[in-house]
Every structure is written in C-alpha cells, then in structure tokens.
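In what follows, a single structure is set out as structure tokens and then discussed.
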Amino acid sequence: MVNTLDELRLSDDIVLPLDAVTETFAFIAKRRVGKSNAAVVMAEQMYYAGIPWVCIDPKGDWWGVRSSADGKGEGLSVVVFGGKHGDRPLHPDSGAFMAELIATRRLTCILDVSEFTQAEKIRFLLAFATRLLQVNEEPLHLFFEECDDYIPQNLIGKSGGDEDETKLVRAFSRLIRHGGFKGIGASLITQRAALVSKNVLAQVDTFIALRTTEPLDIDVVAKRLRGHPLQKEIVESLSGLQAGDAWIISPAFLEVCVRTTFHRRTTFDSGRTPKLGEKRVIPSKLADVELDEITTAMASIIEQVEATDPDKLGKKLVEQTATIKRLEHDIAELEKLRNVEPVEVEVPVEVEVEVIVERVPDAIGEALLELCREVGAIETTAAAGKTMATALLDRVKTVNADPQRTRTEPCAQNRPGRTAPSSRLPSRQPRSQPRSAAAPARVPKPVPQSAVEGIVLKAGARRMIETLARQHPIRLTRRQLGTLARVKASGGTFGDYLSTLRTNGLVECDGDWVDITGAGFTVAGVTPSAPMTTEEIVAMYQQRLKAGARRMLDALVDVWPDGLTREELGERAEVAVAGGTFGDYLSTLRTNGLAEERDHVVYAGDALQLG
C-alpha cells in the first residue's frame, strides 16, 4: 500500500482529514444511484493514503477494486478472501482467526461472505467483530456493505433462531461504540436505512444520503435532521437527486450539511448492472498481491488459534471422554464373558472353543483393535519425543563442551557424517552463461564525511544501506536486500526507501541489482572489506529465515553439488511437501538466490557462492 495522500478527497468540494479512519459514516441510498461508488471512492482514497481497511462484502462484487476502471490495467493491491474471486478461501468458522490476521498484519482486504448461508455469515461475523475489538490497536476502517442484511432492526430468525442474530447486533453495536478507542472506524452501506439496527445507526456521526425514495428510509434522515434549518429542503430533495449526488450531513465531525457530487471510482465496477444487449466486460488485468507472507502468517495463526480455541478443545475432550467410556464398557463385557461358567457338553474340545468365540460380540473385537491402535500411537509419540529430547540434550552438551564451536554449520565439508544424496539425482552442472550476479561489484571509495552531512534516513532505509555496506562486494537483488534489511521488497515502503537512497547518491541500480556507492559507505560508517566466506553468507541468511526455511537451506548445502527432489527436501527439512508452507519456504529461497529448481530437482543457489 502506498502513502501519497495527506487528505481524502471525495468530491470537488468535500475533503476528509486522515483521522476519518476512526470515524463512523452511513451511506444511504436506493439501488443503482451511486451508493457503492461513493463508498469505494472513500476506500480508494484511504488506500492511497496508506490507511488499512476491510470490507465485509455479502454481494461478492468489491473484488473489482483490483483492476482499473476499464479492466485493462492494475487496480489496488488488495487481498480478497472468499467468494468466487478470492485469493484465499474463507471458512465460516474463521472469524476470530481473520480478526487476528488483519490486526497483526495490518491488512487491507475484502472478506467476501457471499458464498455463506445466513447462519454461516452470522457465525463468522460474530466471531470477527468480537475478536477484532479485543486485539486491534492501530487505525483501521471497516466497510459494511448491505449491512441491513446482518445488522437488522427486526430480528426475524434468519439463522434458525434469534439468539445468534441478537448477539451479532450487540457485537456490532459494541464495535462501533467502543471501536474508536481501539483505532476502529466504520462505514455502514445500505439500501434500506429503516431496516438497520437503530442502536447501531444512532452511533453514526456522518450521514451520506444519496437518492432515497422509500418513505421509511427518508424518515430516518428526517429524524437525524430534526431541528436543522435545512431539514425540509433536504428531505424534499432526496427522491430527486441525480446519480452520484449526495447530502453530507455531519454536524459534529465535519461541521457541514452540504450537497455534493461524488467523484467516479478509478477501479473496475464489478457490481454494475449490465444493460440489455450489452457485452459483459471481464477485467483482463488484476493488481498483484503479496501472498507468501500472508500464507505463512495464516499457518502460524491457525496453529495458535486451534491450540487455544476453547470450542475445539472442548469438542476434542468430549470425543475422547466418549471413546474412553465406550472402551470401558467393552472391557467390562469381556470380563463378564471371562467369568461365564463353562457348559458341559459331549462334543470335541475344538467345538467348545468355537462356541465361546461365537459368543464374543464383533463390536468388542473391534473395540480391542482400536484400543491397541491408540495405545500404539501414544507409545510411538512418546518414543519420538524421547528421541528428540535426547538429541537436543546431546547437542547442548557438545556446544557447552566446546564454546568456540560455531552454532551455524552451513557447509557440507563442515558436517561430518552427512547422508549422501540419492544416486539417481544429477550433480549440479555449471551454467553455460554466467549470471550477471557473478560479475563482482565495483569497489567505490568512501567520500569525505562533509559530503554527506545533512542526509537523514528513516530506520528502514538505514538498515538497507548498512546491509549493502556489510555484504559488499557481494551484489544483492532487490528481493535479497529486502529480506536482509527486513523491509518487504514488494511493498511501497521499500520503493520509497530505495528512491531516497538513490536520490541522495547512496546507491546505484543496475536492473534488479542494487550497488552501494562511496557516499553510501560513508553514511553507513562501514569500510569496504574482503568478500564474505560461504559460512558467513549462510549464517547471514539463516538469521533472517523461518525455522523450516533454515532447515531446507541446510539440507541443500549438505548435499552440494548434488540436488534433492521436493519429496527428499521436505523429508530432510521435516516440512510437509503437500502443504502450502513448503511452497512458501521454497519460494523465499528461490527469490533470494539461495535455491534453484531444474528438472524437478532443487539445488543450493548461486547467492551462497558454493563454487
């Protein structure tokens, strides 16, 4: 998300300050007169001002913000969860999890609940609203599209009972009433203001009323204007407003009551009703979104939520209790059979044994098999835990006995007893055309301190220049620089920092490569040094990678110059290949030059300078 605006311009004469992010708004209008367009214009302005927002979309048409107005160019880099156009699926039970993800990652996203049943929608939104109010701490704006559908005035039991709907309305009332203290603002968007909960609507500071014809909906606006000198004029004009025209009624926040015409949205209107005989336009270009970090964060938060979710833990406990009772019952039945007095019959012994076997119920035999399987699983888990603990204890003892031993052993020659790679995998062959990265970076001379006086850098930009200085003469790509300096290379902030460094003559860019200048060395306070060893390069990246990616990197270095199939790499690194996390880790290694995949075989990358 970029940050290029210091105000939010909705029309030629209506400009909102940036602190509108924590205020409350209501967009009221009949269908097809510009209600959603007005809300999207506000969302676009917030995006370009660097303000995160979330849209609850029960219609499934907000995804169009990802494309330009004509559908041929990129729109906003906004992640869509759920619906037919989602980047990631959305589960009805993930409300609390999504609140955690949005609050911790500061995501701008769309939660498309159009595929949910009414009961699923209420369940998701109740958990989302409740958890978001608990965990959010920084400015965030919420757009509630068609809010009368899930924040109704009259609870009619759409979910099969009024209890859940009542809880949801109360949750939204608390969210809007107390949200300002937690940095949360909200915009209610509705065709029928009279059907929205009055407790929720009463907490709105700014009404944006477009063409409205239903008397009950007009009455909502009239009551808000009671005693205002323009009440009669506004109420009488509502039914005749042109599309896009609106009354801004904001006596407290903006201190205005004025008529205006909203700008047209700059993104694709995917909710536009097609005219008869008109060819439907499908966007050919959507803005890219960064999903690697989101996927990793989702996996981490899901694990935390499932580990602490009282409902899941309670359900698991109930299931285990039922299993124990069933097994106890079956064991008691076996004891009864064991105590049965033998029946004397004049038949061969084998016939008597056969009769006893027939008296044992099949269910008991199945229960015994299940009991054996569960006991075996417990023993296997315990044995694995004991083995891991023993290995860890041995490693700690080894390190304590030899304090000089390095804790990072990245190179194959430093790892005694490594397992040889599969003989069917080819060794890595040299490239016929060397990469541009192989060309050594030039060695610039630091300039006098007086030449860089007055240059002030933000923390992220300073980390970037210091990273380039420490890694010289190794050349870094933009992605590698972002990884090592802890600034997301695909984000607008990285581009801003890099532009600042270039403008001040501290770096030079050669395509995707970034080189430090003499002035850069002076600002960083670092003197050019000898090239880093392979061990130092690996150790440097290990400090920036997640645990699974570190294990994958170790495995690839271990088998150099040979490679590993994905299955072998996943097995060595203890990362499931079938899961999305494996792909995310491998993508991170590849984009940083730490790994490359050829002919379905993964090798250690050129950035490690292994040979």
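We name chains A, B, ... following the order of the structure tokens; residues begin at 1 in each chain, and ligands are numbered from 1 as shown.
Backbone DSSP of region 156-342 of chain A yields strand (DSSP E) at Ile184, Gly185, Ala186, Ser187, Leu188, Ile189, Thr190, Thr206, Phe207, Ile208, Ala209, Asp245, Ala246, Trp247, Ile248, Ile249, Ser250, Val256, Cys257, Val258, Arg259, Thr260 and Thr261 of chain A.
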| message | Please list as number ranges by chain every residue within 12 Å of Gly179 (chain A), counting only C-alpha atoms and excluding residues in the same chain fewer than 2 positions away. | response | A: 21-24, 129-142, 171-177, 181-186, 203
Would you save the residues from that selection as a PDB file, in the first residue's frame, using C-alpha atoms?
```pdb
ATOM      1  CA  VAL A  21     -10.279   6.439   9.521  1.00  0.00           C
ATOM      2  CA  THR A  22     -11.607   6.175  13.096  1.00  0.00           C
ATOM      3  CA  GLU A  23     -14.914   7.990  12.446  1.00  0.00           C
ATOM      4  CA  THR A  24     -18.318   6.472  11.620  1.00  0.00           C
ATOM      5  CA  ALA A 129     -16.451  -8.424  15.409  1.00  0.00           C
ATOM      6  CA  THR A 130     -15.895  -9.768  18.922  1.00  0.00           C
ATOM      7  CA  ARG A 131     -12.242 -10.682  18.400  1.00  0.00           C
ATOM      8  CA  LEU A 132     -11.302  -7.566  16.397  1.00  0.00           C
ATOM      9  CA  LEU A 133     -12.435  -5.289  19.225  1.00  0.00           C
ATOM     10  CA  GLN A 134     -10.212  -7.297  21.585  1.00  0.00           C
ATOM     11  CA  VAL A 135      -6.986  -7.372  19.552  1.00  0.00           C
ATOM     12  CA  ASN A 136      -6.903  -4.277  17.317  1.00  0.00           C
ATOM     13  CA  GLU A 137      -4.662  -1.403  18.460  1.00  0.00           C
ATOM     14  CA  GLU A 138      -3.931   0.718  15.352  1.00  0.00           C
ATOM     15  CA  PRO A 139      -6.134   2.737  12.919  1.00  0.00           C
ATOM     16  CA  LEU A 140      -8.363   0.514  10.757  1.00  0.00           C
ATOM     17  CA  HIS A 141     -11.569   1.302   8.833  1.00  0.00           C
ATOM     18  CA  LEU A 142     -14.381  -1.185   8.184  1.00  0.00           C
ATOM     19  CA  ALA A 171     -21.378  -7.185  18.934  1.00  0.00           C
ATOM     20  CA  PHE A 172     -21.541  -4.617  16.109  1.00  0.00           C
ATOM     21  CA  SER A 173     -23.049  -2.059  18.470  1.00  0.00           C
ATOM     22  CA  ARG A 174     -20.090  -2.525  20.838  1.00  0.00           C
ATOM     23  CA  LEU A 175     -17.635  -2.474  17.928  1.00  0.00           C
ATOM     24  CA  ILE A 176     -18.894   0.874  16.631  1.00  0.00           C
ATOM     25  CA  ARG A 177     -19.482   2.413  20.073  1.00  0.00           C
ATOM     26  CA  PHE A 181     -10.777   3.780  21.437  1.00  0.00           C
ATOM     27  CA  LYS A 182      -9.173   0.804  19.642  1.00  0.00           C
ATOM     28  CA  GLY A 183      -8.496   2.688  16.382  1.00  0.00           C
ATOM     29  CA  ILE A 184     -11.540   1.259  14.551  1.00  0.00           C
ATOM     30  CA  GLY A 185     -13.824   3.344  12.331  1.00  0.00           C
ATOM     31  CA  ALA A 186     -16.796   2.087  10.289  1.00  0.00           C
ATOM     32  CA  GLN A 203     -23.840   5.920  16.715  1.00  0.00           C
TER      33      GLN A 203
END
```
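Across the structure, CA of Val289 (chain A) and CA of Gly50 (chain A) are spaced 15.4 Å apart.
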Region 256-272 of chain A surroundings by only C-alpha atoms, 7 Å radius, close-in-sequence under 2 positions cut, as a PDB file with C-alpha atoms, in the first residue's frame:
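Printed below is result-v7.pdb as written:
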```pdb
ATOM      1  CA  LEU A  10     -14.440  12.505  -2.137  1.00  0.00           C
ATOM      2  CA  SER A  11     -15.642  15.258  -4.463  1.00  0.00           C
ATOM      3  CA  ASN A  37     -19.398   4.011  -5.851  1.00  0.00           C
ATOM      4  CA  ALA A  38     -19.239   6.658  -3.105  1.00  0.00           C
ATOM      5  CA  VAL A  40     -15.371   2.751  -2.983  1.00  0.00           C
ATOM      6  CA  VAL A  41     -14.120   6.301  -3.711  1.00  0.00           C
ATOM      7  CA  ASP A  61     -18.594  -7.526  -6.119  1.00  0.00           C
ATOM      8  CA  TRP A  62     -15.933  -5.496  -4.284  1.00  0.00           C
ATOM      9  CA  GLY A  64     -13.283  -5.183  -8.865  1.00  0.00           C
ATOM     10  CA  VAL A  65     -11.028  -2.743  -6.956  1.00  0.00           C
ATOM     11  CA  SER A  67      -8.458  -3.743 -11.649  1.00  0.00           C
ATOM     12  CA  SER A  68      -8.577  -0.339 -13.369  1.00  0.00           C
ATOM     13  CA  ALA A  69     -11.883   1.240 -14.410  1.00  0.00           C
ATOM     14  CA  ASP A  70     -11.662  -0.193 -17.949  1.00  0.00           C
ATOM     15  CA  GLY A  71     -10.431  -3.605 -16.718  1.00  0.00           C
ATOM     16  CA  GLY A  75      -6.120  -1.508  -9.576  1.00  0.00           C
ATOM     17  CA  GLY A 244     -23.811  10.366  -7.630  1.00  0.00           C
ATOM     18  CA  ASP A 245     -25.339  13.432  -5.911  1.00  0.00           C
ATOM     19  CA  ALA A 246     -25.481  13.283  -2.114  1.00  0.00           C
ATOM     20  CA  TRP A 247     -26.140  15.280   1.018  1.00  0.00           C
ATOM     21  CA  ILE A 248     -23.269  15.194   3.518  1.00  0.00           C
ATOM     22  CA  ILE A 249     -24.858  15.552   6.963  1.00  0.00           C
ATOM     23  CA  SER A 250     -22.062  15.877   9.520  1.00  0.00           C
ATOM     24  CA  PRO A 251     -22.856  18.447  12.216  1.00  0.00           C
ATOM     25  CA  LEU A 254     -17.092  17.879   9.519  1.00  0.00           C
ATOM     26  CA  PRO A 274     -25.378  -4.790 -17.339  1.00  0.00           C
TER      27      PRO A 274
END
```
Shell of 9 Å around Glu214 (chain A), only C-alpha atoms, local chain residues under 5 positions omitted, as a PDB file with C-alpha atoms, in the first residue's frame:
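Saved to part.pdb:
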```pdb
ATOM      1  CA  LYS A  30     -31.693   3.126  -3.162  1.00  0.00           C
ATOM      2  CA  ARG A 192     -32.788   0.363   3.453  1.00  0.00           C
ATOM      3  CA  ASP A 219     -37.842   9.351   7.744  1.00  0.00           C
ATOM      4  CA  SER A 239     -36.145  11.438  -4.028  1.00  0.00           C
TER       5      SER A 239
END
```
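Across the structure, CA of Met46 (chain A) and CA of Leu188 (chain A) are spaced 16.1 Å apart.
Remark: for Asp292 (chain A), the closest of the candidate residues A:Glu44, A:Ser490, A:Pro17, A:Glu567 is A:Ser490 (distances computed over only C-alpha atoms).
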| field | Contacts of region 472-487 of chain A at 6 Å (only C-alpha atoms; same-chain gap of 2+ positions) as a VMD selection string | value | chain A and resid 441 463 to 464 469 to 470 489 512 to 514 531 592
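Computed from the coordinates, the CA of Lys72 (chain A) to CA of Arg280 (chain A) distance equals 13.9 Å.
Remark: for Glu255 (chain A), the closest of the candidate residues A:Asp148, A:Asp205, A:Glu535, A:Asp6 is A:Asp205 (distances computed over only C-alpha atoms).
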